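Read through the structure below, which is laid out as structure tokens, and then see the notes.
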Amino acid sequence: MNHPIRWWVLPLFLCCLLAASRTWAADAPNAQSVCERAASLPSTADRSARLYAVGECALQRLQYREAIKLFSELVGIDPNPIFRAELGRAYLGVQEYERAREQFLIALQSNPPEPARKLLLVFIRMADQQRTQAKDWFAQASIGEMHDSNVNAGPMSADVMLYGLPFTMTQDSMPKSDRAFHAAFSAVRNKSLGGLVSWQSDVSLDAVKYATYGNYDTNQLSIDTGPHLVRADGRTEFYLPLGVTRTMLGGSGYSSSGFFSPQFSVRVTGTDLLVASTAISRNRYDAAPARDATTGVLGLSWRHVLGNNWTIEPSLKFASERADSAAFSDLARMAGLSLSGSLPQGLRFTAVSATTWANYRAPEAWAGTARRDRSRSSSLSLAKELEGGYYVTLSWLDTRIHSNLGLYSTARTQGQLQLTKSF
């Protein structure tokens, strides 16, 4: 690594943070006696005062996860900038530098006294430095069991229209359910090039192996790499990745794509992040060259931090696909909404819902009209962090497509239990 970790950075950071807390509130408890103070608080003490004292004690004892839980609850009751700063300090203890930085930025929006404001700016820069120096790579590996209600994406109804005539699908074409083993691996490397520029590279592998219908086993490899730029104020970021994806189905080649997908984000306020993205890709299908296409995508999302460490994110996306056959060329638009946050007992909850409308340019040979789809996907997940960098996640995904062509109207539900290890 170009920039080895300096042993004095984090202790200095914590000392400065403590100084900022004293700047905001001269009557804050003394750090050396906070555990004794917490233990001696009367049962009638204000809940905020008790959470603050016990949270400070957890920080002193290096119990960072406990401190995160306590200060998150405290911020939900009273979004005092001191509490935000201490929550950021707890996140630093578990090396979650982005979340720490987010809390410091929110505290900065409270217009604290000038000395505290300057210190907070120093904290943010130091958090960025720690994020860069602590590790220039990150990886995750996971395994799990999945149940899939419609492995083959079969139609909802067996009665469809082909060449203008009614037709009944065979039983083999109807939805098949199966269980599967799911394994995934991803790694990110961010190599500093000096100054504000780094080079980011991502690789991911994903494999699904079904117990009965092995011809639907899928394997996917995705790789992208490109420059990553953060402006000096830390509020604006650019990423310009170029990548490739290869997908296998049932042990044989299915599709491949090359893409360029620039991303831009700007932090408008301490609680609001605006993200814009675009992508240009060329997709090729091994056994269906008529579907080979060039696709352009434009996306926009707004991430807003709510109280008690919850985040809501609405998004819009527009896509144009030009296939070699007009029957597979379409214009699509998508609207989505996600909500995520912390629950008691260290649980992390995420809910995502999205609706996509797609209109195709021309009918397929067997259809009397061009295809028009409306698809809706909804997902829920509940994650729990375990000791040693492990996470266990229970998730559910429901996808429904309603098409004017009955052959493409499908419903699919996938439930999964996954164990993940972070490195």
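FYI, nothing fancy with the structure tokens labels: chains A, B, ... in order, residues from 1 per chain, ligands from 1 as they appear.
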Closest contacts (stretch 89-170 of chain A/stretch 234-251 of chain A, max 10 Å, only C-alpha atoms) as JSON lines:
{"residue": "A:Arg101", "atom": "CA", "partner": "A:Gly234", "partner_atom": "CA", "distance": 9.7}
{"residue": "A:Leu105", "atom": "CA", "partner": "A:Arg235", "partner_atom": "CA", "distance": 9.6}
{"residue": "A:Leu121", "atom": "CA", "partner": "A:Gly234", "partner_atom": "CA", "distance": 10.0}
{"residue": "A:Ile124", "atom": "CA", "partner": "A:Gly234", "partner_atom": "CA", "distance": 8.2}
{"residue": "A:Arg125", "atom": "CA", "partner": "A:Gly234", "partner_atom": "CA", "distance": 7.8}
{"residue": "A:Asp128", "atom": "CA", "partner": "A:Gly234", "partner_atom": "CA", "distance": 8.1}
Excluding A:Gln345 and residues on its chain fewer than 5 positions from it, collect all residues at most 12 Å away from it, counting only C-alpha atoms, and give them as a ChimeraX atom specification. /A:65-66,68-70,73,382-386
Using only C-alpha atoms, determine which residues lie at most 7 Å from A:Phe328, disregarding the query and same-chain residues fewer than 3 positions distant; provide the list as an NGL selection string. :A and (291 or 323 or 325 or 360)
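Considering the residues A:Lys176, A:Arg361, A:His304, A:Arg348 and counting only C-alpha atoms, A:Thr393 has its shortest atom-to-atom contact with A:Arg348.
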If we count only C-alpha atoms, what is near stretch 402-411 of chain A at a cut-off of 12 Å, once residues fewer than 4 positions away on the same chain are taken out, given as an NGL selection string? :A and (148-164 or 166-169 or 173-177 or 355-360 or 363-364 or 366-378 or 397-398)
Write the residues of the preceding selection, restricted to N, CA and C atoms, as a tab-separated table (two decimals), in the first residue's frame.
chain	number	residue	atom	x	y	z
A	148	ASP	N	-37.22	-21.42	-4.97
A	148	ASP	CA	-37.67	-20.68	-6.14
A	148	ASP	C	-38.99	-21.27	-6.61
A	149	SER	N	-40.03	-20.42	-6.68
A	149	SER	CA	-41.36	-20.93	-7.04
A	149	SER	C	-41.55	-21.08	-8.55
A	150	ASN	N	-40.65	-20.48	-9.35
A	150	ASN	CA	-40.82	-20.52	-10.80
A	150	ASN	C	-39.44	-20.50	-11.45
A	151	VAL	N	-38.76	-21.61	-11.39
A	151	VAL	CA	-37.39	-21.74	-11.88
A	151	VAL	C	-37.28	-21.35	-13.34
A	152	ASN	N	-38.25	-21.79	-14.15
A	152	ASN	CA	-38.19	-21.61	-15.60
A	152	ASN	C	-38.94	-20.38	-16.09
A	153	ALA	N	-39.42	-19.52	-15.17
A	153	ALA	CA	-40.19	-18.32	-15.54
A	153	ALA	C	-41.37	-18.67	-16.43
A	154	GLY	N	-42.09	-19.75	-16.07
A	154	GLY	CA	-43.25	-20.19	-16.84
A	154	GLY	C	-44.42	-19.24	-16.71
A	155	PRO	N	-45.37	-19.25	-17.67
A	155	PRO	CA	-46.50	-18.32	-17.67
A	155	PRO	C	-47.51	-18.61	-16.55
A	156	MET	N	-48.29	-17.58	-16.20
A	156	MET	CA	-49.31	-17.75	-15.16
A	156	MET	C	-50.43	-18.68	-15.63
A	157	SER	N	-50.76	-18.56	-16.91
A	157	SER	CA	-51.87	-19.36	-17.45
A	157	SER	C	-51.38	-20.24	-18.59
A	158	ALA	N	-51.95	-21.44	-18.69
A	158	ALA	CA	-51.58	-22.37	-19.78
A	158	ALA	C	-52.24	-21.98	-21.10
A	159	ASP	N	-53.26	-21.12	-21.04
A	159	ASP	CA	-54.00	-20.74	-22.26
A	159	ASP	C	-53.43	-19.44	-22.82
A	160	VAL	N	-52.80	-19.52	-23.99
A	160	VAL	CA	-52.19	-18.35	-24.63
A	160	VAL	C	-52.62	-18.31	-26.09
A	161	MET	N	-52.27	-17.20	-26.75
A	161	MET	CA	-52.57	-17.05	-28.17
A	161	MET	C	-51.27	-17.11	-28.97
A	162	LEU	N	-51.23	-17.98	-29.99
A	162	LEU	CA	-50.09	-18.10	-30.89
A	162	LEU	C	-50.59	-18.04	-32.33
A	163	TYR	N	-50.03	-17.13	-33.13
A	163	TYR	CA	-50.44	-16.94	-34.50
A	163	TYR	C	-51.95	-16.69	-34.62
A	164	GLY	N	-52.50	-15.99	-33.63
A	164	GLY	CA	-53.91	-15.63	-33.64
A	164	GLY	C	-54.85	-16.74	-33.25
A	166	PRO	N	-55.96	-19.87	-30.27
A	166	PRO	CA	-55.79	-20.30	-28.88
A	166	PRO	C	-54.89	-21.53	-28.81
A	167	PHE	N	-54.03	-21.55	-27.79
A	167	PHE	CA	-53.09	-22.65	-27.64
A	167	PHE	C	-52.93	-22.95	-26.16
A	168	THR	N	-52.85	-24.23	-25.81
A	168	THR	CA	-52.66	-24.65	-24.42
A	168	THR	C	-51.24	-25.14	-24.24
A	169	MET	N	-50.51	-24.50	-23.31
A	169	MET	CA	-49.12	-24.85	-23.05
A	169	MET	C	-49.04	-26.25	-22.43
A	173	SER	N	-44.01	-26.73	-19.72
A	173	SER	CA	-43.73	-25.30	-19.89
A	173	SER	C	-44.25	-24.46	-18.73
A	174	MET	N	-45.06	-25.05	-17.86
A	174	MET	CA	-45.64	-24.30	-16.75
A	174	MET	C	-44.63	-24.14	-15.61
A	175	PRO	N	-44.89	-23.23	-14.66
A	175	PRO	CA	-43.93	-22.96	-13.59
A	175	PRO	C	-43.50	-24.20	-12.83
A	176	LYS	N	-42.19	-24.30	-12.59
A	176	LYS	CA	-41.60	-25.39	-11.80
A	176	LYS	C	-40.96	-24.80	-10.55
A	177	SER	N	-41.20	-25.40	-9.42
A	177	SER	CA	-40.58	-24.93	-8.18
A	177	SER	C	-39.44	-25.87	-7.80
A	355	THR	N	-41.36	-0.69	-9.96
A	355	THR	CA	-42.29	-1.00	-11.06
A	355	THR	C	-41.65	-0.54	-12.37
A	356	THR	N	-41.70	-1.41	-13.39
A	356	THR	CA	-41.11	-1.12	-14.69
A	356	THR	C	-42.16	-1.27	-15.78
A	357	TRP	N	-42.20	-0.29	-16.67
A	357	TRP	CA	-43.08	-0.34	-17.84
A	357	TRP	C	-42.20	-0.44	-19.08
A	358	ALA	N	-42.47	-1.43	-19.95
A	358	ALA	CA	-41.66	-1.63	-21.15
A	358	ALA	C	-42.56	-1.79	-22.37
A	359	ASN	N	-42.28	-1.03	-23.42
A	359	ASN	CA	-43.01	-1.10	-24.68
A	359	ASN	C	-42.05	-1.49	-25.80
A	360	TYR	N	-42.40	-2.55	-26.54
A	360	TYR	CA	-41.54	-3.05	-27.61
A	360	TYR	C	-41.95	-2.45	-28.95
A	363	PRO	N	-44.06	-6.45	-33.24
A	363	PRO	CA	-44.50	-7.77	-32.75
A	363	PRO	C	-43.55	-8.88	-33.18
A	364	GLU	N	-43.51	-9.94	-32.40
A	364	GLU	CA	-42.79	-11.14	-32.79
A	364	GLU	C	-43.60	-11.88	-33.86
A	366	TRP	N	-45.03	-14.69	-34.08
A	366	TRP	CA	-46.22	-15.43	-33.67
A	366	TRP	C	-47.29	-14.54	-33.03
A	367	ALA	N	-46.96	-13.27	-32.79
A	367	ALA	CA	-47.87	-12.38	-32.06
A	367	ALA	C	-48.52	-11.38	-33.01
A	368	GLY	N	-49.76	-11.04	-32.72
A	368	GLY	CA	-50.48	-10.09	-33.55
A	368	GLY	C	-50.20	-8.65	-33.20
A	369	THR	N	-49.55	-8.40	-32.06
A	369	THR	CA	-49.27	-7.04	-31.62
A	369	THR	C	-47.94	-7.00	-30.88
A	370	ALA	N	-47.36	-5.81	-30.81
A	370	ALA	CA	-46.09	-5.66	-30.08
A	370	ALA	C	-46.31	-5.85	-28.58
A	371	ARG	N	-45.31	-6.35	-27.96
A	371	ARG	CA	-45.37	-6.67	-26.52
A	371	ARG	C	-45.35	-5.41	-25.67
A	372	ARG	N	-46.17	-5.39	-24.61
A	372	ARG	CA	-46.20	-4.32	-23.61
A	372	ARG	C	-46.24	-4.97	-22.23
A	373	ASP	N	-45.24	-4.69	-21.42
A	373	ASP	CA	-45.13	-5.32	-20.09
A	373	ASP	C	-45.20	-4.29	-18.98
A	374	ARG	N	-45.76	-4.71	-17.86
A	374	ARG	CA	-45.65	-3.97	-16.61
A	374	ARG	C	-45.18	-4.97	-15.55
A	375	SER	N	-43.98	-4.75	-15.02
A	375	SER	CA	-43.45	-5.69	-14.03
A	375	SER	C	-43.29	-4.98	-12.68
A	376	ARG	N	-43.53	-5.73	-11.64
A	376	ARG	CA	-43.38	-5.21	-10.28
A	376	ARG	C	-42.53	-6.18	-9.47
A	377	SER	N	-41.54	-5.65	-8.79
A	377	SER	CA	-40.72	-6.48	-7.90
A	377	SER	C	-40.73	-5.88	-6.50
A	378	SER	N	-40.84	-6.75	-5.52
A	378	SER	CA	-40.83	-6.34	-4.11
A	378	SER	C	-39.90	-7.26	-3.35
A	397	LEU	N	-38.10	-12.26	-2.23
A	397	LEU	CA	-38.24	-11.48	-3.45
A	397	LEU	C	-39.45	-11.99	-4.23
A	398	ASP	N	-40.33	-11.06	-4.61
A	398	ASP	CA	-41.52	-11.42	-5.38
A	398	ASP	C	-41.50	-10.59	-6.67
DSSP-assigned alpha helix (DSSP H) members of stretch 50-285 of chain A, reported as JSON, numbers by chain: {"A": [50, 51, 52, 53, 54, 55, 56, 57, 58, 59, 60, 64, 65, 66, 67, 68, 69, 70, 71, 72, 73, 74, 75, 76, 77, 81, 82, 83, 84, 85, 86, 87, 88, 89, 90, 91, 92, 93, 97, 98, 99, 100, 101, 102, 103, 104, 105, 106, 107, 108, 114, 115, 116, 117, 118, 119, 120, 121, 122, 123, 124, 125, 126, 127, 128, 129, 130, 131, 132, 133, 134]}
Please identify all polymer residues within 7 Å of A:Gly299, counting only C-alpha atoms, omitting same-chain residues fewer than 5 positions from it, and present them as a PyMOL selection string. chain A and resi 276-278+316-318
Can I get the selected residues back with C-alpha atoms, as a PDB file, in the first residue's frame?
ATOM      1  CA  ALA A 276     -26.928  10.154 -11.107  1.00  0.00           C
ATOM      2  CA  SER A 277     -25.791   7.320 -13.356  1.00  0.00           C
ATOM      3  CA  THR A 278     -25.760   6.337 -16.985  1.00  0.00           C
ATOM      4  CA  LEU A 316     -36.109   6.763 -11.478  1.00  0.00           C
ATOM      5  CA  LYS A 317     -34.573   4.975 -14.446  1.00  0.00           C
ATOM      6  CA  PHE A 318     -35.038   5.211 -18.211  1.00  0.00           C
TER       7      PHE A 318
END
Using only C-alpha atoms: which of A:Arg282, A:Arg99, A:Arg179, A:Arg117 has the shortest distance to A:Val305: A:Arg99
What separation in Å, quoted to one decimal, exists between atom CA of A:Val75 and atom CA of A:Pro115?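 Computing the Euclidean distance for atom CA of A:Val75 and atom CA of A:Pro115 yields 22.7 Å.
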Run DSSP on the backbone of this structure and report the residues of stretch 323-376 of chain A it assigns to strand (DSSP E or B), as a ChimeraX atom specification. /A:323,330-343,347-360,372-376
Find the residues around A:Trp396 up to 10 Å (only C-alpha atoms counted), leave out those fewer than 6 positions away in its own chain, and share them as a ChimeraX atom specification. /A:146-147,351,378-382,413-417
Residue with smallest distance to A:Leu273 - pool A:Ala38, A:Ile106, A:Leu196, A:Leu205, counting only C-alpha atoms: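 Residue with the minimum atom-to-atom distance to A:Leu273: A:Ile106.
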As a PyMOL selection string, please: the residues near A:Ala287 (cut-off 12 Å, only C-alpha atoms, same-chain neighbours under 3 positions excluded). chain A and resi 248-249+252-256+284+290-292
Hey, can you spit out that residue selection with N, CA and C atoms as a compact mmCIF listing (two decimals), in the first residue's frame?
# COMPACT_ATOMS: atom_id res chain seq x y z
N MET A 248 -23.64 -18.04 -17.69
CA MET A 248 -23.80 -19.42 -18.14
C MET A 248 -25.14 -19.94 -17.64
N LEU A 249 -25.82 -20.75 -18.45
CA LEU A 249 -27.10 -21.33 -18.07
C LEU A 249 -27.06 -22.83 -18.36
N SER A 252 -23.92 -24.22 -20.11
CA SER A 252 -23.57 -23.72 -21.45
C SER A 252 -23.62 -22.20 -21.47
N GLY A 253 -22.95 -21.61 -22.45
CA GLY A 253 -22.94 -20.16 -22.56
C GLY A 253 -24.34 -19.62 -22.84
N TYR A 254 -24.71 -18.54 -22.17
CA TYR A 254 -26.03 -17.94 -22.37
C TYR A 254 -25.91 -16.52 -22.94
N SER A 255 -25.14 -15.65 -22.26
CA SER A 255 -25.02 -14.27 -22.74
C SER A 255 -23.72 -13.66 -22.25
N SER A 256 -23.33 -12.57 -22.91
CA SER A 256 -22.18 -11.79 -22.48
C SER A 256 -22.45 -10.33 -22.80
N ARG A 284 -24.84 -9.68 -25.96
CA ARG A 284 -24.90 -10.73 -26.97
C ARG A 284 -25.42 -12.02 -26.35
N ALA A 290 -30.82 -12.73 -32.61
CA ALA A 290 -31.82 -11.69 -32.87
C ALA A 290 -32.01 -10.79 -31.65
N ARG A 291 -31.64 -11.28 -30.47
CA ARG A 291 -31.79 -10.50 -29.24
C ARG A 291 -30.56 -9.65 -28.94
N ASP A 292 -29.46 -9.83 -29.69
CA ASP A 292 -28.28 -9.01 -29.47
C ASP A 292 -28.68 -7.54 -29.53
Between atom CA of A:Ser340 and atom CA of A:Arg267, what is the distance in Å, rounded to a tenth?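 Separation between atom CA of A:Ser340 and atom CA of A:Arg267: 18.6 Å.
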